[in-house]
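Trainee: My file is entry_24.cif. It has mmCIF, N, CA, C and O atoms:
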```cif
data_run
loop_
_atom_site.label_atom_id
_atom_site.label_comp_id
_atom_site.auth_asym_id
_atom_site.auth_seq_id
_atom_site.Cartn_x
_atom_site.Cartn_y
_atom_site.Cartn_z
N MET R 6 -12.73 -10.87 -14.82
CA MET R 6 -13.89 -10.02 -14.63
C MET R 6 -13.63 -8.70 -15.36
O MET R 6 -13.11 -7.75 -14.81
N ALA R 7 -13.98 -8.67 -16.62
CA ALA R 7 -13.71 -7.50 -17.45
C ALA R 7 -14.73 -6.39 -17.24
O ALA R 7 -14.39 -5.22 -17.32
N LYS R 8 -15.97 -6.76 -16.98
CA LYS R 8 -17.01 -5.76 -16.81
C LYS R 8 -16.87 -5.07 -15.45
O LYS R 8 -16.49 -5.69 -14.46
N LYS R 9 -17.18 -3.78 -15.40
CA LYS R 9 -17.13 -3.03 -14.15
C LYS R 9 -18.51 -3.00 -13.52
O LYS R 9 -19.52 -2.81 -14.20
N TYR R 10 -18.56 -3.20 -12.23
CA TYR R 10 -19.81 -3.15 -11.48
C TYR R 10 -19.67 -2.10 -10.39
O TYR R 10 -18.58 -1.91 -9.85
N GLU R 11 -20.76 -1.43 -10.07
CA GLU R 11 -20.76 -0.45 -8.98
C GLU R 11 -21.84 -0.83 -7.98
O GLU R 11 -22.97 -1.13 -8.36
N TYR R 12 -21.46 -0.81 -6.71
CA TYR R 12 -22.39 -1.16 -5.64
C TYR R 12 -22.27 -0.15 -4.50
O TYR R 12 -21.19 0.34 -4.20
N THR R 13 -23.40 0.11 -3.87
CA THR R 13 -23.42 0.93 -2.67
C THR R 13 -22.84 0.12 -1.53
O THR R 13 -23.19 -1.06 -1.35
N VAL R 14 -21.97 0.76 -0.76
CA VAL R 14 -21.37 0.12 0.42
C VAL R 14 -21.76 0.95 1.64
O VAL R 14 -21.62 2.17 1.63
N ILE R 15 -22.26 0.28 2.65
CA ILE R 15 -22.60 0.95 3.90
C ILE R 15 -21.47 0.69 4.89
O ILE R 15 -21.13 -0.47 5.16
N LEU R 16 -20.90 1.76 5.41
CA LEU R 16 -19.84 1.65 6.42
C LEU R 16 -20.43 2.00 7.78
O LEU R 16 -21.05 3.05 7.93
N GLU R 17 -20.21 1.14 8.73
CA GLU R 17 -20.67 1.38 10.10
C GLU R 17 -19.52 1.14 11.05
O GLU R 17 -18.84 0.11 10.95
N TYR R 18 -19.32 2.07 11.97
CA TYR R 18 -18.26 1.92 12.96
C TYR R 18 -18.81 1.19 14.18
O TYR R 18 -19.87 1.54 14.70
N ASP R 19 -18.11 0.17 14.62
CA ASP R 19 -18.50 -0.60 15.80
C ASP R 19 -17.52 -0.29 16.92
O ASP R 19 -16.36 -0.73 16.89
N GLU R 20 -17.98 0.48 17.90
CA GLU R 20 -17.11 0.89 19.00
C GLU R 20 -16.63 -0.29 19.84
O GLU R 20 -15.52 -0.27 20.36
N GLU R 21 -17.45 -1.32 19.95
CA GLU R 21 -17.10 -2.47 20.79
C GLU R 21 -15.85 -3.18 20.27
O GLU R 21 -15.03 -3.64 21.06
N ILE R 22 -15.72 -3.29 18.96
CA ILE R 22 -14.55 -3.99 18.40
C ILE R 22 -13.55 -3.02 17.76
O ILE R 22 -12.52 -3.44 17.26
N ASP R 23 -13.89 -1.73 17.78
CA ASP R 23 -13.02 -0.67 17.26
C ASP R 23 -12.66 -0.92 15.79
O ASP R 23 -11.51 -0.83 15.38
N GLU R 24 -13.68 -1.27 15.00
CA GLU R 24 -13.49 -1.50 13.57
C GLU R 24 -14.70 -1.02 12.79
O GLU R 24 -15.77 -0.84 13.35
N TYR R 25 -14.49 -0.86 11.50
CA TYR R 25 -15.56 -0.51 10.58
C TYR R 25 -16.07 -1.77 9.91
O TYR R 25 -15.27 -2.61 9.49
N ALA R 26 -17.38 -1.88 9.81
CA ALA R 26 -18.01 -2.96 9.04
C ALA R 26 -18.44 -2.38 7.71
O ALA R 26 -18.94 -1.26 7.64
N ALA R 27 -18.23 -3.13 6.64
CA ALA R 27 -18.63 -2.71 5.30
C ALA R 27 -19.64 -3.73 4.78
O ALA R 27 -19.35 -4.92 4.70
N LEU R 28 -20.83 -3.24 4.44
CA LEU R 28 -21.93 -4.09 4.00
C LEU R 28 -22.32 -3.71 2.57
O LEU R 28 -22.34 -2.54 2.23
N VAL R 29 -22.65 -4.71 1.77
CA VAL R 29 -23.07 -4.48 0.39
C VAL R 29 -24.51 -4.98 0.25
O VAL R 29 -24.73 -6.17 0.03
N PRO R 30 -25.50 -4.09 0.41
CA PRO R 30 -26.90 -4.52 0.41
C PRO R 30 -27.34 -5.27 -0.85
O PRO R 30 -28.16 -6.18 -0.76
N SER R 31 -26.80 -4.93 -1.99
CA SER R 31 -27.21 -5.59 -3.24
C SER R 31 -26.60 -6.97 -3.43
O SER R 31 -27.00 -7.71 -4.32
N LEU R 32 -25.62 -7.31 -2.58
CA LEU R 32 -24.98 -8.62 -2.64
C LEU R 32 -25.10 -9.27 -1.26
O LEU R 32 -24.18 -9.21 -0.44
N PRO R 33 -26.25 -9.86 -0.96
CA PRO R 33 -26.46 -10.45 0.36
C PRO R 33 -25.32 -11.38 0.78
O PRO R 33 -24.88 -12.22 0.00
N GLY R 34 -24.85 -11.16 1.99
CA GLY R 34 -23.76 -11.96 2.51
C GLY R 34 -22.38 -11.43 2.20
O GLY R 34 -21.38 -11.93 2.70
N CYS R 35 -22.31 -10.39 1.38
CA CYS R 35 -21.02 -9.80 1.02
C CYS R 35 -20.70 -8.68 2.00
O CYS R 35 -21.29 -7.60 1.95
N THR R 36 -19.79 -8.96 2.91
CA THR R 36 -19.39 -8.00 3.93
C THR R 36 -17.89 -8.08 4.15
O THR R 36 -17.23 -9.03 3.72
N SER R 37 -17.37 -7.07 4.84
CA SER R 37 -15.97 -7.09 5.23
C SER R 37 -15.81 -6.13 6.39
O SER R 37 -16.79 -5.56 6.87
N GLN R 38 -14.58 -5.92 6.81
CA GLN R 38 -14.31 -5.01 7.91
C GLN R 38 -12.90 -4.50 7.81
O GLN R 38 -12.11 -4.97 7.00
N GLY R 39 -12.58 -3.51 8.65
CA GLY R 39 -11.23 -2.97 8.70
C GLY R 39 -11.08 -2.01 9.86
O GLY R 39 -12.06 -1.47 10.37
N LYS R 40 -9.85 -1.79 10.26
CA LYS R 40 -9.56 -0.88 11.37
C LYS R 40 -9.85 0.58 11.00
O LYS R 40 -10.18 1.38 11.85
N THR R 41 -9.70 0.91 9.72
CA THR R 41 -9.98 2.27 9.26
C THR R 41 -11.02 2.19 8.14
O THR R 41 -11.28 1.12 7.58
N ARG R 42 -11.59 3.35 7.81
CA ARG R 42 -12.56 3.40 6.70
C ARG R 42 -11.88 2.92 5.40
O ARG R 42 -12.46 2.14 4.65
N GLN R 43 -10.67 3.38 5.18
CA GLN R 43 -9.95 3.02 3.95
C GLN R 43 -9.69 1.52 3.88
O GLN R 43 -9.82 0.90 2.83
N GLU R 44 -9.29 0.95 5.01
CA GLU R 44 -9.02 -0.49 5.04
C GLU R 44 -10.31 -1.27 4.81
O GLU R 44 -10.33 -2.26 4.06
N ALA R 45 -11.40 -0.85 5.44
CA ALA R 45 -12.68 -1.53 5.25
C ALA R 45 -13.13 -1.45 3.79
O ALA R 45 -13.62 -2.44 3.24
N LEU R 46 -12.95 -0.29 3.16
CA LEU R 46 -13.33 -0.15 1.75
C LEU R 46 -12.46 -1.01 0.84
O LEU R 46 -12.96 -1.65 -0.09
N ALA R 47 -11.17 -1.04 1.10
CA ALA R 47 -10.27 -1.89 0.29
C ALA R 47 -10.64 -3.37 0.47
O ALA R 47 -10.69 -4.12 -0.51
N ASN R 48 -10.93 -3.76 1.71
CA ASN R 48 -11.29 -5.15 1.97
C ASN R 48 -12.62 -5.53 1.33
O ASN R 48 -12.76 -6.63 0.80
N VAL R 49 -13.58 -4.61 1.35
CA VAL R 49 -14.88 -4.94 0.77
C VAL R 49 -14.79 -4.98 -0.75
O VAL R 49 -15.53 -5.74 -1.39
N GLN R 50 -13.89 -4.23 -1.34
CA GLN R 50 -13.69 -4.33 -2.80
C GLN R 50 -13.25 -5.75 -3.16
O GLN R 50 -13.74 -6.32 -4.13
N GLU R 51 -12.33 -6.29 -2.38
CA GLU R 51 -11.88 -7.66 -2.62
C GLU R 51 -13.02 -8.66 -2.39
O GLU R 51 -13.17 -9.63 -3.12
N ALA R 52 -13.83 -8.40 -1.36
CA ALA R 52 -14.97 -9.27 -1.08
C ALA R 52 -15.97 -9.24 -2.24
O ALA R 52 -16.52 -10.28 -2.62
N ILE R 53 -16.21 -8.06 -2.80
CA ILE R 53 -17.12 -7.93 -3.94
C ILE R 53 -16.57 -8.70 -5.13
O ILE R 53 -17.31 -9.45 -5.79
N ARG R 54 -15.29 -8.54 -5.42
CA ARG R 54 -14.68 -9.28 -6.53
C ARG R 54 -14.86 -10.79 -6.34
O ARG R 54 -15.25 -11.52 -7.26
N GLY R 55 -14.57 -11.27 -5.15
CA GLY R 55 -14.71 -12.69 -4.86
C GLY R 55 -16.15 -13.16 -4.97
O GLY R 55 -16.43 -14.25 -5.48
N HIS R 56 -17.07 -12.34 -4.51
CA HIS R 56 -18.49 -12.67 -4.56
C HIS R 56 -18.93 -12.82 -6.02
O HIS R 56 -19.60 -13.79 -6.38
N ILE R 57 -18.55 -11.85 -6.86
CA ILE R 57 -18.92 -11.88 -8.27
C ILE R 57 -18.28 -13.07 -8.97
O ILE R 57 -18.93 -13.77 -9.76
N GLU R 58 -17.01 -13.34 -8.68
CA GLU R 58 -16.33 -14.49 -9.29
C GLU R 58 -17.03 -15.80 -8.92
O GLU R 58 -17.21 -16.68 -9.76
N THR R 59 -17.45 -15.91 -7.67
CA THR R 59 -18.15 -17.12 -7.23
C THR R 59 -19.49 -17.26 -7.94
O THR R 59 -19.85 -18.35 -8.38
N LEU R 60 -20.23 -16.15 -8.05
CA LEU R 60 -21.50 -16.20 -8.77
C LEU R 60 -21.29 -16.65 -10.22
O LEU R 60 -22.06 -17.45 -10.75
N CYS R 61 -20.24 -16.14 -10.86
CA CYS R 61 -19.93 -16.54 -12.25
C CYS R 61 -19.63 -18.03 -12.33
O CYS R 61 -20.11 -18.73 -13.22
N GLN R 62 -18.81 -18.53 -11.39
CA GLN R 62 -18.45 -19.94 -11.38
C GLN R 62 -19.67 -20.84 -11.19
O GLN R 62 -19.73 -21.94 -11.71
N LEU R 63 -20.65 -20.34 -10.43
CA LEU R 63 -21.87 -21.10 -10.17
C LEU R 63 -22.91 -20.92 -11.28
O LEU R 63 -23.98 -21.54 -11.23
N GLY R 64 -22.60 -20.06 -12.25
CA GLY R 64 -23.52 -19.81 -13.34
C GLY R 64 -24.72 -18.97 -12.96
O GLY R 64 -25.75 -19.01 -13.62
N ARG R 65 -24.58 -18.20 -11.90
CA ARG R 65 -25.68 -17.35 -11.43
C ARG R 65 -25.55 -15.94 -12.01
O ARG R 65 -24.48 -15.51 -12.40
N ASP R 66 -26.68 -15.24 -12.03
CA ASP R 66 -26.70 -13.86 -12.51
C ASP R 66 -25.98 -12.95 -11.53
O ASP R 66 -26.05 -13.15 -10.30
N ILE R 67 -25.31 -11.93 -12.05
CA ILE R 67 -24.66 -10.91 -11.23
C ILE R 67 -25.70 -9.82 -10.95
O ILE R 67 -26.24 -9.23 -11.90
N PRO R 68 -26.02 -9.56 -9.69
CA PRO R 68 -26.99 -8.53 -9.39
C PRO R 68 -26.51 -7.15 -9.88
O PRO R 68 -25.35 -6.79 -9.71
N ILE R 69 -27.41 -6.44 -10.51
CA ILE R 69 -27.13 -5.07 -10.95
C ILE R 69 -27.89 -4.16 -10.00
O ILE R 69 -29.09 -4.31 -9.81
N GLU R 70 -27.16 -3.25 -9.40
CA GLU R 70 -27.79 -2.36 -8.43
C GLU R 70 -28.70 -1.37 -9.14
O GLU R 70 -28.33 -0.76 -10.13
N ASN R 71 -29.88 -1.23 -8.60
CA ASN R 71 -30.86 -0.32 -9.15
C ASN R 71 -31.42 0.53 -8.02
O ASN R 71 -32.58 0.42 -7.65
N ARG R 72 -30.56 1.36 -7.45
CA ARG R 72 -30.96 2.18 -6.31
C ARG R 72 -31.03 3.64 -6.73
O ARG R 72 -30.34 4.08 -7.63
N VAL R 73 -31.86 4.35 -6.00
CA VAL R 73 -32.00 5.77 -6.23
C VAL R 73 -31.76 6.47 -4.90
O VAL R 73 -32.31 6.07 -3.87
N LYS R 74 -30.92 7.50 -4.90
CA LYS R 74 -30.68 8.28 -3.69
C LYS R 74 -31.64 9.47 -3.68
O LYS R 74 -31.84 10.11 -4.70
N VAL R 75 -32.19 9.75 -2.51
CA VAL R 75 -33.09 10.88 -2.35
C VAL R 75 -32.56 11.74 -1.22
O VAL R 75 -32.31 11.25 -0.12
N ALA R 76 -32.35 13.00 -1.50
CA ALA R 76 -31.88 13.93 -0.46
C ALA R 76 -33.05 14.80 -0.02
O ALA R 76 -33.85 15.24 -0.82
N VAL R 77 -33.16 15.00 1.29
CA VAL R 77 -34.21 15.87 1.83
C VAL R 77 -33.61 16.83 2.83
O VAL R 77 -32.57 16.61 3.37
#
```
Any chance you could give the structure as structure tokens?
Mentor:
Amino acid sequence: MAKKYEYTVILEYDEEIDEYAALVPSLPGCTSQGKTRQEALANVQEAIRGHIETLCQLGRDIPIENRVKVAV
């Protein structure tokens, strides 16, 4: 995977399981978790890599994120 991709990751803390969930909205089904924010981010990076590799193997297009942030 030579090309670099950037995706927004949403981190949510779940008090019930005492872990962070990491969600990638532009890659449906691509999620991970971790005990700390750093661990969740590292884990989701691996999940994103695996997701992209699988899409390539299946001959599918790699989603390109086209989001705009708005501050108010």
Trainee: The PyMOL selection byres ((chain R and resi 29) around 8) on the file shown: which residues, as a compact mmCIF listing (two decimals) with N, CA, C and O atoms, in the coordinates of the input?
Mentor:
```txt
# COMPACT_ATOMS: atom_id res chain seq x y z
N TYR R 12 -21.46 -0.81 -6.71
CA TYR R 12 -22.39 -1.16 -5.64
C TYR R 12 -22.27 -0.15 -4.50
O TYR R 12 -21.19 0.34 -4.20
N THR R 13 -23.40 0.11 -3.87
CA THR R 13 -23.42 0.93 -2.67
C THR R 13 -22.84 0.12 -1.53
O THR R 13 -23.19 -1.06 -1.35
N VAL R 14 -21.97 0.76 -0.76
CA VAL R 14 -21.37 0.12 0.42
C VAL R 14 -21.76 0.95 1.64
O VAL R 14 -21.62 2.17 1.63
N ILE R 15 -22.26 0.28 2.65
CA ILE R 15 -22.60 0.95 3.90
C ILE R 15 -21.47 0.69 4.89
O ILE R 15 -21.13 -0.47 5.16
N LEU R 16 -20.90 1.76 5.41
CA LEU R 16 -19.84 1.65 6.42
C LEU R 16 -20.43 2.00 7.78
O LEU R 16 -21.05 3.05 7.93
N ALA R 26 -17.38 -1.88 9.81
CA ALA R 26 -18.01 -2.96 9.04
C ALA R 26 -18.44 -2.38 7.71
O ALA R 26 -18.94 -1.26 7.64
N ALA R 27 -18.23 -3.13 6.64
CA ALA R 27 -18.63 -2.71 5.30
C ALA R 27 -19.64 -3.73 4.78
O ALA R 27 -19.35 -4.92 4.70
N LEU R 28 -20.83 -3.24 4.44
CA LEU R 28 -21.93 -4.09 4.00
C LEU R 28 -22.32 -3.71 2.57
O LEU R 28 -22.34 -2.54 2.23
N PRO R 30 -25.50 -4.09 0.41
CA PRO R 30 -26.90 -4.52 0.41
C PRO R 30 -27.34 -5.27 -0.85
O PRO R 30 -28.16 -6.18 -0.76
N SER R 31 -26.80 -4.93 -1.99
CA SER R 31 -27.21 -5.59 -3.24
C SER R 31 -26.60 -6.97 -3.43
O SER R 31 -27.00 -7.71 -4.32
N LEU R 32 -25.62 -7.31 -2.58
CA LEU R 32 -24.98 -8.62 -2.64
C LEU R 32 -25.10 -9.27 -1.26
O LEU R 32 -24.18 -9.21 -0.44
N PRO R 33 -26.25 -9.86 -0.96
CA PRO R 33 -26.46 -10.45 0.36
C PRO R 33 -25.32 -11.38 0.78
O PRO R 33 -24.88 -12.22 0.00
N GLY R 34 -24.85 -11.16 1.99
CA GLY R 34 -23.76 -11.96 2.51
C GLY R 34 -22.38 -11.43 2.20
O GLY R 34 -21.38 -11.93 2.70
N CYS R 35 -22.31 -10.39 1.38
CA CYS R 35 -21.02 -9.80 1.02
C CYS R 35 -20.70 -8.68 2.00
O CYS R 35 -21.29 -7.60 1.95
N THR R 36 -19.79 -8.96 2.91
CA THR R 36 -19.39 -8.00 3.93
C THR R 36 -17.89 -8.08 4.15
O THR R 36 -17.23 -9.03 3.72
N SER R 37 -17.37 -7.07 4.84
CA SER R 37 -15.97 -7.09 5.23
C SER R 37 -15.81 -6.13 6.39
O SER R 37 -16.79 -5.56 6.87
N VAL R 49 -13.58 -4.61 1.35
CA VAL R 49 -14.88 -4.94 0.77
C VAL R 49 -14.79 -4.98 -0.75
O VAL R 49 -15.53 -5.74 -1.39
```
Trainee: Kindly give the distance, in Å, that separates atom O of Glu70 in chain R and atom C of Gly55 in chain R, rounded to a single decimal.
Mentor: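 A separation of 18.1 Å between them.
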Trainee: Could you please determine the separation between CA of Arg42 in chain R and atom O of Glu17 in chain R in Å, to one decimal place?
Mentor: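 So the answer is 8.3 Å.
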Trainee: To one decimal in Å, tell me the separation between atom O of Val73 in chain R and atom N of Gln50 in chain R.
Mentor: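 A separation of 21.3 Å between them.
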Trainee: Taking the DSSP secondary structure from the backbone, can you list the residues of chain R that are strand (DSSP E), as a VMD selection string?
Mentor: chain R and resid 15 to 19 24 to 28 36 to 39
Trainee: Using N, CA, C and O atoms, can you write the selected residues to a file as a PDB file, in the coordinates of the input?
Mentor:
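Result file is out-v2.pdb:
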```pdb
ATOM      1  N   ILE R  15     -22.260   0.280   2.650  1.00  0.00           N
ATOM      2  CA  ILE R  15     -22.600   0.950   3.900  1.00  0.00           C
ATOM      3  C   ILE R  15     -21.470   0.690   4.890  1.00  0.00           C
ATOM      4  O   ILE R  15     -21.130  -0.470   5.160  1.00  0.00           O
ATOM      5  N   LEU R  16     -20.900   1.760   5.410  1.00  0.00           N
ATOM      6  CA  LEU R  16     -19.840   1.650   6.420  1.00  0.00           C
ATOM      7  C   LEU R  16     -20.430   2.000   7.780  1.00  0.00           C
ATOM      8  O   LEU R  16     -21.050   3.050   7.930  1.00  0.00           O
ATOM      9  N   GLU R  17     -20.210   1.140   8.730  1.00  0.00           N
ATOM     10  CA  GLU R  17     -20.670   1.380  10.100  1.00  0.00           C
ATOM     11  C   GLU R  17     -19.520   1.140  11.050  1.00  0.00           C
ATOM     12  O   GLU R  17     -18.840   0.110  10.950  1.00  0.00           O
ATOM     13  N   TYR R  18     -19.320   2.070  11.970  1.00  0.00           N
ATOM     14  CA  TYR R  18     -18.260   1.920  12.960  1.00  0.00           C
ATOM     15  C   TYR R  18     -18.810   1.190  14.180  1.00  0.00           C
ATOM     16  O   TYR R  18     -19.870   1.540  14.700  1.00  0.00           O
ATOM     17  N   ASP R  19     -18.110   0.170  14.620  1.00  0.00           N
ATOM     18  CA  ASP R  19     -18.500  -0.600  15.800  1.00  0.00           C
ATOM     19  C   ASP R  19     -17.520  -0.290  16.920  1.00  0.00           C
ATOM     20  O   ASP R  19     -16.360  -0.730  16.890  1.00  0.00           O
ATOM     21  N   GLU R  24     -13.680  -1.270  15.000  1.00  0.00           N
ATOM     22  CA  GLU R  24     -13.490  -1.500  13.570  1.00  0.00           C
ATOM     23  C   GLU R  24     -14.700  -1.020  12.790  1.00  0.00           C
ATOM     24  O   GLU R  24     -15.770  -0.840  13.350  1.00  0.00           O
ATOM     25  N   TYR R  25     -14.490  -0.860  11.500  1.00  0.00           N
ATOM     26  CA  TYR R  25     -15.560  -0.510  10.580  1.00  0.00           C
ATOM     27  C   TYR R  25     -16.070  -1.770   9.910  1.00  0.00           C
ATOM     28  O   TYR R  25     -15.270  -2.610   9.490  1.00  0.00           O
ATOM     29  N   ALA R  26     -17.380  -1.880   9.810  1.00  0.00           N
ATOM     30  CA  ALA R  26     -18.010  -2.960   9.040  1.00  0.00           C
ATOM     31  C   ALA R  26     -18.440  -2.380   7.710  1.00  0.00           C
ATOM     32  O   ALA R  26     -18.940  -1.260   7.640  1.00  0.00           O
ATOM     33  N   ALA R  27     -18.230  -3.130   6.640  1.00  0.00           N
ATOM     34  CA  ALA R  27     -18.630  -2.710   5.300  1.00  0.00           C
ATOM     35  C   ALA R  27     -19.640  -3.730   4.780  1.00  0.00           C
ATOM     36  O   ALA R  27     -19.350  -4.920   4.700  1.00  0.00           O
ATOM     37  N   LEU R  28     -20.830  -3.240   4.440  1.00  0.00           N
ATOM     38  CA  LEU R  28     -21.930  -4.090   4.000  1.00  0.00           C
ATOM     39  C   LEU R  28     -22.320  -3.710   2.570  1.00  0.00           C
ATOM     40  O   LEU R  28     -22.340  -2.540   2.230  1.00  0.00           O
ATOM     41  N   THR R  36     -19.790  -8.960   2.910  1.00  0.00           N
ATOM     42  CA  THR R  36     -19.390  -8.000   3.930  1.00  0.00           C
ATOM     43  C   THR R  36     -17.890  -8.080   4.150  1.00  0.00           C
ATOM     44  O   THR R  36     -17.230  -9.030   3.720  1.00  0.00           O
ATOM     45  N   SER R  37     -17.370  -7.070   4.840  1.00  0.00           N
ATOM     46  CA  SER R  37     -15.970  -7.090   5.230  1.00  0.00           C
ATOM     47  C   SER R  37     -15.810  -6.130   6.390  1.00  0.00           C
ATOM     48  O   SER R  37     -16.790  -5.560   6.870  1.00  0.00           O
ATOM     49  N   GLN R  38     -14.580  -5.920   6.810  1.00  0.00           N
ATOM     50  CA  GLN R  38     -14.310  -5.010   7.910  1.00  0.00           C
ATOM     51  C   GLN R  38     -12.900  -4.500   7.810  1.00  0.00           C
ATOM     52  O   GLN R  38     -12.110  -4.970   7.000  1.00  0.00           O
ATOM     53  N   GLY R  39     -12.580  -3.510   8.650  1.00  0.00           N
ATOM     54  CA  GLY R  39     -11.230  -2.970   8.700  1.00  0.00           C
ATOM     55  C   GLY R  39     -11.080  -2.010   9.860  1.00  0.00           C
ATOM     56  O   GLY R  39     -12.060  -1.470  10.370  1.00  0.00           O
TER      57      GLY R  39
END
```
Trainee: Copy range 35-52 of chain R out of the block into a file, keeping N, CA and C atoms, as a compact mmCIF listing (two decimals), in the first residue's frame.
Mentor:
```
# COMPACT_ATOMS: atom_id res chain seq x y z
N CYS R 35 -15.34 -0.56 9.58
CA CYS R 35 -13.95 -0.45 10.04
C CYS R 35 -13.94 0.21 11.41
N THR R 36 -13.73 -0.59 12.43
CA THR R 36 -13.72 -0.11 13.81
C THR R 36 -12.61 -0.81 14.58
N SER R 37 -12.31 -0.26 15.75
CA SER R 37 -11.36 -0.91 16.65
C SER R 37 -11.61 -0.36 18.03
N GLN R 38 -10.78 -0.74 18.97
CA GLN R 38 -10.92 -0.27 20.34
C GLN R 38 -9.58 -0.35 21.05
N GLY R 39 -9.54 0.23 22.25
CA GLY R 39 -8.32 0.19 23.05
C GLY R 39 -8.58 0.73 24.44
N LYS R 40 -7.73 0.35 25.37
CA LYS R 40 -7.86 0.82 26.75
C LYS R 40 -7.57 2.32 26.88
N THR R 41 -6.70 2.83 26.02
CA THR R 41 -6.38 4.26 26.04
C THR R 41 -6.67 4.84 24.65
N ARG R 42 -6.70 6.17 24.58
CA ARG R 42 -6.90 6.83 23.28
C ARG R 42 -5.79 6.42 22.31
N GLN R 43 -4.57 6.41 22.80
CA GLN R 43 -3.42 6.08 21.96
C GLN R 43 -3.52 4.65 21.43
N GLU R 44 -3.90 3.74 22.31
CA GLU R 44 -4.04 2.34 21.90
C GLU R 44 -5.16 2.19 20.87
N ALA R 45 -6.28 2.86 21.10
CA ALA R 45 -7.39 2.79 20.15
C ALA R 45 -6.98 3.35 18.79
N LEU R 46 -6.23 4.46 18.79
CA LEU R 46 -5.78 5.04 17.53
C LEU R 46 -4.80 4.13 16.80
N ALA R 47 -3.87 3.54 17.54
CA ALA R 47 -2.91 2.61 16.92
C ALA R 47 -3.65 1.39 16.35
N ASN R 48 -4.62 0.88 17.11
CA ASN R 48 -5.37 -0.28 16.64
C ASN R 48 -6.22 0.04 15.41
N VAL R 49 -6.81 1.23 15.39
CA VAL R 49 -7.65 1.57 14.24
C VAL R 49 -6.80 1.83 13.00
N GLN R 50 -5.57 2.28 13.18
CA GLN R 50 -4.67 2.43 12.02
C GLN R 50 -4.45 1.07 11.37
N GLU R 51 -4.23 0.05 12.18
CA GLU R 51 -4.05 -1.30 11.65
C GLU R 51 -5.34 -1.79 10.99
N ALA R 52 -6.48 -1.47 11.60
CA ALA R 52 -7.76 -1.87 11.02
C ALA R 52 -7.98 -1.20 9.66
```
